[in-house]
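Chemist: Provided below: upload_6.cif, containing mmCIF, C-alpha atoms.
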data_my_file
loop_
_atom_site.label_atom_id
_atom_site.label_comp_id
_atom_site.auth_asym_id
_atom_site.auth_seq_id
_atom_site.Cartn_x
_atom_site.Cartn_y
_atom_site.Cartn_z
CA MET U 1 10.86 -26.44 -13.35
CA PHE U 2 7.71 -24.71 -12.14
CA GLN U 3 7.21 -23.66 -8.55
CA ILE U 4 3.94 -23.08 -6.75
CA LYS U 5 3.51 -19.78 -4.91
CA SER U 6 0.71 -18.69 -2.67
CA ARG U 7 -0.62 -16.12 -0.29
CA ILE U 8 -2.74 -17.48 2.53
CA TRP U 9 -4.88 -15.47 4.89
CA ILE U 10 -7.71 -15.93 7.39
CA GLU U 11 -11.04 -14.15 7.24
CA ASN U 12 -14.40 -14.25 8.95
CA ASN U 13 -17.61 -12.26 8.54
CA GLN U 14 -15.92 -9.29 10.24
CA GLY U 15 -13.21 -9.16 7.57
CA ILE U 16 -9.57 -10.20 7.39
CA PHE U 17 -8.21 -11.62 10.64
CA LEU U 18 -4.63 -12.72 9.88
CA GLY U 19 -2.35 -12.51 6.86
CA GLU U 20 1.37 -12.12 6.22
CA GLY U 21 1.51 -8.39 7.01
CA ARG U 22 -0.56 -8.67 10.15
CA LEU U 23 1.48 -11.62 11.39
CA ARG U 24 4.68 -9.64 10.84
CA LEU U 25 3.26 -6.77 12.90
CA LEU U 26 2.19 -9.09 15.72
CA CYS U 27 5.67 -10.67 15.79
CA ALA U 28 7.21 -7.20 15.99
CA ILE U 29 4.89 -6.22 18.88
CA GLU U 30 5.84 -9.41 20.69
CA LYS U 31 9.53 -8.58 20.23
CA GLU U 32 9.34 -4.86 21.02
CA GLY U 33 6.59 -4.84 23.64
CA SER U 34 5.30 -1.60 22.17
CA LEU U 35 3.14 -0.72 19.19
CA SER U 36 5.10 2.40 18.27
CA LYS U 37 8.44 0.55 18.41
CA ALA U 38 6.97 -2.34 16.42
CA ALA U 39 5.65 0.04 13.75
CA LYS U 40 9.01 1.81 13.58
CA SER U 41 10.90 -1.50 13.22
CA LEU U 42 8.70 -2.31 10.18
CA LYS U 43 8.96 1.23 8.77
CA MET U 44 5.16 1.46 9.11
CA SER U 45 3.28 4.54 10.30
CA TYR U 46 1.87 4.33 13.85
CA LYS U 47 -1.57 5.06 12.43
CA LYS U 48 -1.40 2.16 9.97
CA ALA U 49 -0.15 -0.21 12.68
CA TRP U 50 -2.90 0.92 15.05
CA ASN U 51 -5.55 0.42 12.35
CA LEU U 52 -4.28 -3.09 11.63
CA ILE U 53 -4.30 -4.05 15.30
CA ASP U 54 -7.77 -2.57 15.69
CA ALA U 55 -8.98 -4.61 12.69
CA ILE U 56 -7.42 -7.79 14.11
CA ASN U 57 -9.05 -7.29 17.51
CA LYS U 58 -12.41 -6.44 15.97
CA SER U 59 -12.47 -9.54 13.80
CA ALA U 60 -11.41 -11.89 16.62
CA PRO U 61 -13.75 -13.48 19.17
CA GLU U 62 -11.20 -12.57 21.90
CA PRO U 63 -8.61 -9.76 22.05
CA VAL U 64 -5.33 -10.54 20.32
CA VAL U 65 -3.47 -7.41 21.40
CA ILE U 66 -3.91 -5.46 24.64
CA LYS U 67 -2.48 -2.27 26.06
CA SER U 68 -0.79 -2.77 29.40
CA THR U 69 -0.65 0.37 31.52
CA GLY U 70 1.62 1.37 34.38
CA GLY U 71 4.52 -0.72 35.67
CA SER U 72 8.17 0.29 35.73
CA ASN U 73 8.34 0.74 31.94
CA GLY U 74 5.18 2.87 31.80
CA GLY U 75 3.10 0.25 30.02
CA GLY U 76 3.16 -1.08 26.51
CA THR U 77 1.41 -3.33 24.05
CA GLN U 78 1.16 -7.07 24.51
CA ILE U 79 -0.08 -10.13 22.67
CA THR U 80 -2.65 -12.11 24.64
CA ALA U 81 -2.38 -15.87 25.17
CA TYR U 82 -5.24 -16.26 22.69
CA GLY U 83 -3.38 -14.11 20.16
CA LYS U 84 -0.16 -16.07 20.59
CA HIS U 85 -2.07 -19.32 20.14
CA LYS U 86 -3.61 -18.07 16.87
CA MET U 87 -0.24 -16.80 15.59
CA ILE U 88 1.33 -20.21 16.14
CA GLN U 89 -1.66 -22.01 14.64
CA PHE U 90 -1.49 -19.79 11.55
CA GLU U 91 2.25 -20.36 11.12
CA GLU U 92 1.89 -24.12 11.48
CA MET U 93 -1.09 -24.21 9.14
CA LYS U 94 0.83 -22.29 6.46
CA LEU U 95 3.76 -24.70 6.74
CA ARG U 96 1.46 -27.70 6.25
CA CYS U 97 -0.24 -26.01 3.28
CA TRP U 98 3.11 -25.24 1.67
CA GLU U 99 4.22 -28.83 2.25
CA PHE U 100 1.06 -30.02 0.50
CA MET U 101 1.57 -27.59 -2.38
CA LYS U 102 5.16 -28.77 -2.82
CA SER U 103 3.89 -32.29 -3.34
CA GLU U 104 1.30 -30.98 -5.82
CA ILE U 105 3.82 -29.10 -7.97
CA GLU U 106 5.72 -32.32 -8.60
CA THR U 107 2.70 -33.58 -10.54
CA PHE U 108 2.44 -30.27 -12.39
CA ASN U 109 6.09 -30.51 -13.47
CA LYS U 110 5.60 -33.94 -15.05
CA MET M 1 -15.90 -19.16 12.26
CA PHE M 2 -12.70 -18.38 10.42
CA GLN M 3 -12.21 -19.20 6.75
CA ILE M 4 -8.94 -19.75 4.94
CA LYS M 5 -8.39 -17.76 1.75
CA SER M 6 -5.56 -18.01 -0.72
CA ARG M 7 -4.13 -16.98 -4.03
CA ILE M 8 -2.12 -19.62 -5.83
CA TRP M 9 0.10 -19.10 -8.83
CA ILE M 10 2.88 -20.84 -10.75
CA GLU M 11 6.32 -19.39 -11.42
CA ASN M 12 9.64 -20.47 -12.81
CA ASN M 13 12.96 -18.69 -13.32
CA GLN M 14 11.43 -16.80 -16.27
CA GLY M 15 8.75 -15.28 -14.02
CA ILE M 16 5.06 -15.92 -13.46
CA PHE M 17 3.60 -18.66 -15.66
CA LEU M 18 -0.03 -19.08 -14.53
CA GLY M 19 -2.27 -17.33 -12.01
CA GLU M 20 -5.96 -16.49 -11.71
CA GLY M 21 -5.92 -13.59 -14.19
CA ARG M 22 -3.90 -15.46 -16.78
CA LEU M 23 -6.09 -18.53 -16.49
CA ARG M 24 -9.18 -16.36 -17.00
CA LEU M 25 -7.63 -14.91 -20.15
CA LEU M 26 -6.71 -18.36 -21.50
CA CYS M 27 -10.26 -19.59 -20.87
CA ALA M 28 -11.63 -16.56 -22.74
CA ILE M 29 -9.27 -17.21 -25.69
CA GLU M 30 -10.41 -20.82 -25.76
CA LYS M 31 -14.04 -19.70 -25.84
CA GLU M 32 -13.66 -16.82 -28.30
CA GLY M 33 -10.93 -18.20 -30.58
CA SER M 34 -9.46 -14.72 -30.81
CA LEU M 35 -7.23 -12.64 -28.57
CA SER M 36 -9.01 -9.36 -29.30
CA LYS M 37 -12.45 -10.86 -28.60
CA ALA M 38 -11.12 -12.52 -25.44
CA ALA M 39 -9.63 -9.23 -24.22
CA LYS M 40 -12.92 -7.43 -24.97
CA SER M 41 -14.96 -10.04 -23.09
CA LEU M 42 -12.79 -9.41 -20.01
CA LYS M 43 -12.84 -5.61 -20.48
CA MET M 44 -9.05 -5.79 -20.81
CA SER M 45 -7.02 -3.75 -23.31
CA TYR M 46 -5.65 -5.70 -26.27
CA LYS M 47 -2.15 -4.55 -25.32
CA LYS M 48 -2.46 -5.91 -21.78
CA ALA M 49 -3.87 -9.22 -23.05
CA TRP M 50 -1.08 -9.50 -25.61
CA ASN M 51 1.56 -8.79 -22.95
CA LEU M 52 0.11 -11.46 -20.66
CA ILE M 53 0.06 -14.05 -23.43
CA ASP M 54 3.60 -13.13 -24.42
CA ALA M 55 4.72 -13.55 -20.79
CA ILE M 56 2.98 -16.93 -20.54
CA ASN M 57 4.59 -18.19 -23.74
CA LYS M 58 8.02 -16.87 -22.73
CA SER M 59 7.93 -18.56 -19.34
CA ALA M 60 6.71 -21.90 -20.71
CA PRO M 61 8.94 -24.66 -22.15
CA GLU M 62 6.43 -25.04 -25.02
CA PRO M 63 3.99 -22.52 -26.54
CA VAL M 64 0.67 -22.21 -24.71
CA VAL M 65 -1.01 -19.88 -27.19
CA ILE M 66 -0.51 -19.73 -30.97
CA LYS M 67 -1.76 -17.56 -33.76
CA SER M 68 -3.51 -19.52 -36.47
CA THR M 69 -3.53 -17.80 -39.83
CA GLY M 70 -5.78 -18.20 -42.84
CA GLY M 71 -8.81 -20.45 -43.05
CA SER M 72 -12.39 -19.40 -43.66
CA ASN M 73 -12.49 -17.19 -40.54
CA GLY M 74 -9.22 -15.43 -41.37
CA GLY M 75 -7.24 -16.97 -38.54
CA GLY M 76 -7.34 -16.43 -34.81
CA THR M 77 -5.69 -17.33 -31.55
CA GLN M 78 -5.64 -20.84 -30.15
CA ILE M 79 -4.56 -22.71 -27.06
CA THR M 80 -2.10 -25.52 -27.81
CA ALA M 81 -2.59 -29.05 -26.49
CA TYR M 82 0.27 -28.35 -24.06
CA GLY M 83 -1.45 -25.16 -22.91
CA LYS M 84 -4.77 -26.91 -22.40
CA HIS M 85 -3.06 -29.64 -20.40
CA LYS M 86 -1.42 -27.06 -18.11
CA MET M 87 -4.69 -25.16 -17.66
CA ILE M 88 -6.46 -28.33 -16.53
CA GLN M 89 -3.56 -29.34 -14.30
CA PHE M 90 -3.58 -25.91 -12.66
CA GLU M 91 -7.34 -26.01 -12.06
CA GLU M 92 -7.18 -29.49 -10.57
CA MET M 93 -4.20 -28.60 -8.42
CA LYS M 94 -5.97 -25.54 -7.03
CA LEU M 95 -9.03 -27.63 -6.15
CA ARG M 96 -6.90 -30.15 -4.27
CA CYS M 97 -5.06 -27.34 -2.43
CA TRP M 98 -8.37 -25.70 -1.43
CA GLU M 99 -9.66 -29.06 -0.25
CA PHE M 100 -6.54 -29.44 1.90
CA MET M 101 -6.90 -25.92 3.28
CA LYS M 102 -10.53 -26.54 4.17
CA SER M 103 -9.44 -29.45 6.33
CA GLU M 104 -6.75 -27.25 7.92
CA ILE M 105 -9.11 -24.45 8.89
CA GLU M 106 -11.17 -26.85 10.97
CA THR M 107 -8.20 -27.20 13.31
CA PHE M 108 -7.75 -23.43 13.36
CA ASN M 109 -11.38 -22.90 14.38
CA LYS M 110 -11.04 -25.17 17.42
#
What is this structure when it is put down as structure tokens?

Modeler:
Amino acid sequence: MFQIKSRIWIENNQGIFLGEGRLRLLCAIEKEGSLSKAAKSLKMSYKKAWNLIDAINKSAPEPVVIKSTGGSNGGGTQITAYGKHKMIQFEEMKLRCWEFMKSEIETFNK
Amino acid sequence: MFQIKSRIWIENNQGIFLGEGRLRLLCAIEKEGSLSKAAKSLKMSYKKAWNLIDAINKSAPEPVVIKSTGGSNGGGTQITAYGKHKMIQFEEMKLRCWEFMKSEIETFNK
């Protein structure tokens, strides 16, 4: 029995916007509320995480990640409403694509 | 405007069966009628090409590539009818998946 596998990502003229690795980082930022904690939780260097976030923001028409300063916890890193919307859209789109591919592999296995 | 990009490949319990690189090699074998000529046309080492073909054949329920011996041209390498069928199926499946993804990205761009 063959299975279909895929990697799906989103690009525009500015370069890659979202892919598996970037989505994982955004989820970690959402959970941790901090870029350095998010990077640490993924065993990724702060520099690499920062570069990824910078690339995401630069390729997006609106900011996806923002730094929040001050407050009782001394500030942190947050996902914007736009960013959250795109994360959910990407997840849902992947699920629908995988569903479609699953139906396609049935034909391939015949 | 965002675009959706993807890599699609086929696996089973024996490992990877078909992907972009393997399909390219099979197409070159079909065109050249020889593994060494096919490898050369793709600027791939003979050893790498042989390993890929061996992996394809080992992961398939039927041979995809066979060595033909003798004849006026001294033998060569050929794609079996089964192999050709799977190559076409894979190509057609990818096209349908890309078509589906194109419809999905319209929603993402809204």

Chemist: Please return the superposed copy of chain M as a tab-separated table (two decimals) with C-alpha atoms, in the coordinates of the input; the fit should be least squares onto chain U across all sequentially paired Cα atoms.

Modeler:
chain	number	residue	atom	x	y	z
M	1	MET	CA	10.78	-26.47	-13.41
M	2	PHE	CA	7.66	-24.74	-12.20
M	3	GLN	CA	7.19	-23.67	-8.59
M	4	ILE	CA	3.92	-23.11	-6.78
M	5	LYS	CA	3.53	-19.81	-4.94
M	6	SER	CA	0.73	-18.69	-2.68
M	7	ARG	CA	-0.59	-16.13	-0.28
M	8	ILE	CA	-2.71	-17.47	2.54
M	9	TRP	CA	-4.85	-15.46	4.90
M	10	ILE	CA	-7.68	-15.92	7.39
M	11	GLU	CA	-11.03	-14.14	7.25
M	12	ASN	CA	-14.38	-14.25	8.95
M	13	ASN	CA	-17.60	-12.27	8.51
M	14	GLN	CA	-15.92	-9.28	10.21
M	15	GLY	CA	-13.20	-9.17	7.53
M	16	ILE	CA	-9.56	-10.19	7.39
M	17	PHE	CA	-8.21	-11.62	10.65
M	18	LEU	CA	-4.62	-12.72	9.89
M	19	GLY	CA	-2.34	-12.51	6.87
M	20	GLU	CA	1.38	-12.12	6.24
M	21	GLY	CA	1.53	-8.38	7.03
M	22	ARG	CA	-0.54	-8.67	10.17
M	23	LEU	CA	1.49	-11.62	11.41
M	24	ARG	CA	4.69	-9.64	10.85
M	25	LEU	CA	3.27	-6.77	12.91
M	26	LEU	CA	2.20	-9.10	15.74
M	27	CYS	CA	5.67	-10.67	15.81
M	28	ALA	CA	7.22	-7.19	16.01
M	29	ILE	CA	4.88	-6.22	18.89
M	30	GLU	CA	5.83	-9.41	20.69
M	31	LYS	CA	9.52	-8.58	20.26
M	32	GLU	CA	9.33	-4.86	21.04
M	33	GLY	CA	6.57	-4.83	23.67
M	34	SER	CA	5.28	-1.59	22.19
M	35	LEU	CA	3.12	-0.73	19.20
M	36	SER	CA	5.08	2.40	18.29
M	37	LYS	CA	8.43	0.57	18.43
M	38	ALA	CA	6.96	-2.33	16.44
M	39	ALA	CA	5.63	0.05	13.77
M	40	LYS	CA	9.02	1.81	13.60
M	41	SER	CA	10.89	-1.49	13.23
M	42	LEU	CA	8.70	-2.30	10.20
M	43	LYS	CA	8.96	1.26	8.79
M	44	MET	CA	5.17	1.46	9.13
M	45	SER	CA	3.29	4.55	10.32
M	46	TYR	CA	1.87	4.33	13.84
M	47	LYS	CA	-1.58	5.07	12.42
M	48	LYS	CA	-1.40	2.17	9.97
M	49	ALA	CA	-0.14	-0.20	12.68
M	50	TRP	CA	-2.90	0.93	15.03
M	51	ASN	CA	-5.55	0.42	12.33
M	52	LEU	CA	-4.27	-3.10	11.62
M	53	ILE	CA	-4.31	-4.04	15.29
M	54	ASP	CA	-7.78	-2.57	15.68
M	55	ALA	CA	-8.98	-4.62	12.69
M	56	ILE	CA	-7.42	-7.79	14.11
M	57	ASN	CA	-9.04	-7.28	17.50
M	58	LYS	CA	-12.42	-6.43	15.95
M	59	SER	CA	-12.47	-9.54	13.78
M	60	ALA	CA	-11.40	-11.87	16.60
M	61	PRO	CA	-13.75	-13.48	19.16
M	62	GLU	CA	-11.21	-12.57	21.89
M	63	PRO	CA	-8.62	-9.76	22.04
M	64	VAL	CA	-5.32	-10.54	20.32
M	65	VAL	CA	-3.48	-7.40	21.40
M	66	ILE	CA	-3.91	-5.43	24.64
M	67	LYS	CA	-2.51	-2.26	26.06
M	68	SER	CA	-0.82	-2.77	29.39
M	69	THR	CA	-0.65	0.34	31.52
M	70	GLY	CA	1.62	1.32	34.37
M	71	GLY	CA	4.54	-0.71	35.67
M	72	SER	CA	8.17	0.31	35.74
M	73	ASN	CA	8.34	0.74	31.94
M	74	GLY	CA	5.18	2.86	31.79
M	75	GLY	CA	3.07	0.26	30.03
M	76	GLY	CA	3.14	-1.06	26.50
M	77	THR	CA	1.39	-3.33	24.05
M	78	GLN	CA	1.14	-7.07	24.50
M	79	ILE	CA	-0.08	-10.13	22.68
M	80	THR	CA	-2.67	-12.10	24.66
M	81	ALA	CA	-2.39	-15.86	25.20
M	82	TYR	CA	-5.25	-16.26	22.70
M	83	GLY	CA	-3.38	-14.10	20.18
M	84	LYS	CA	-0.17	-16.06	20.60
M	85	HIS	CA	-2.05	-19.32	20.14
M	86	LYS	CA	-3.59	-18.07	16.88
M	87	MET	CA	-0.23	-16.79	15.61
M	88	ILE	CA	1.35	-20.20	16.15
M	89	GLN	CA	-1.63	-22.00	14.65
M	90	PHE	CA	-1.46	-19.79	11.57
M	91	GLU	CA	2.28	-20.36	11.13
M	92	GLU	CA	1.91	-24.11	11.49
M	93	MET	CA	-1.05	-24.21	9.14
M	94	LYS	CA	0.85	-22.29	6.47
M	95	LEU	CA	3.79	-24.70	6.74
M	96	ARG	CA	1.50	-27.70	6.27
M	97	CYS	CA	-0.22	-26.02	3.29
M	98	TRP	CA	3.15	-25.24	1.66
M	99	GLU	CA	4.25	-28.82	2.25
M	100	PHE	CA	1.08	-30.01	0.51
M	101	MET	CA	1.59	-27.61	-2.38
M	102	LYS	CA	5.17	-28.77	-2.83
M	103	SER	CA	3.90	-32.30	-3.34
M	104	GLU	CA	1.30	-30.99	-5.82
M	105	ILE	CA	3.79	-29.13	-7.99
M	106	GLU	CA	5.68	-32.34	-8.64
M	107	THR	CA	2.66	-33.61	-10.56
M	108	PHE	CA	2.41	-30.31	-12.41
M	109	ASN	CA	6.04	-30.52	-13.52
M	110	LYS	CA	5.54	-33.95	-15.11

Chemist: With all atoms listed in the file considered, list every residue of chain U at most 12 Å from chain M, as a count of residues only.

Modeler: 50

Chemist: Written as a list in words, what is the full residue list that the PyMOL selection byres ((chain U and resi 80) around 7) yields on the file shown?

Modeler: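 On the file shown, the PyMOL selection byres ((chain U and resi 80) around 7) covers Pro63, Val64, Val65, Ile66, Gln78, Ile79, Ala81, Tyr82, Gly83 and Lys84 of chain U.
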
Chemist: Selected residues, C-alpha atoms, written as a PDB file, keeping the file's coordinate frame, please.

Modeler:
ATOM      1  CA  PRO U  63      -8.610  -9.760  22.050  1.00  0.00           C
ATOM      2  CA  VAL U  64      -5.330 -10.540  20.320  1.00  0.00           C
ATOM      3  CA  VAL U  65      -3.470  -7.410  21.400  1.00  0.00           C
ATOM      4  CA  ILE U  66      -3.910  -5.460  24.640  1.00  0.00           C
ATOM      5  CA  GLN U  78       1.160  -7.070  24.510  1.00  0.00           C
ATOM      6  CA  ILE U  79      -0.080 -10.130  22.670  1.00  0.00           C
ATOM      7  CA  ALA U  81      -2.380 -15.870  25.170  1.00  0.00           C
ATOM      8  CA  TYR U  82      -5.240 -16.260  22.690  1.00  0.00           C
ATOM      9  CA  GLY U  83      -3.380 -14.110  20.160  1.00  0.00           C
ATOM     10  CA  LYS U  84      -0.160 -16.070  20.590  1.00  0.00           C
TER      11      LYS U  84
END

Chemist: Excluding region 39-52 of chain U and its own-chain neighbours fewer than 3 positions away, which residues fall within 8 Å of it when counting all atoms listed in the file? Please give them as a PyMOL selection string.

Modeler: chain U and resi 22+25+28+35-36+55-56

Chemist: Any idea what the distance is between CA of Leu26 (chain U) and CA of Thr77 (chain U)?

Modeler: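 Answer for the CA of Leu26 (chain U) to CA of Thr77 (chain U) separation: 10.2 Å.
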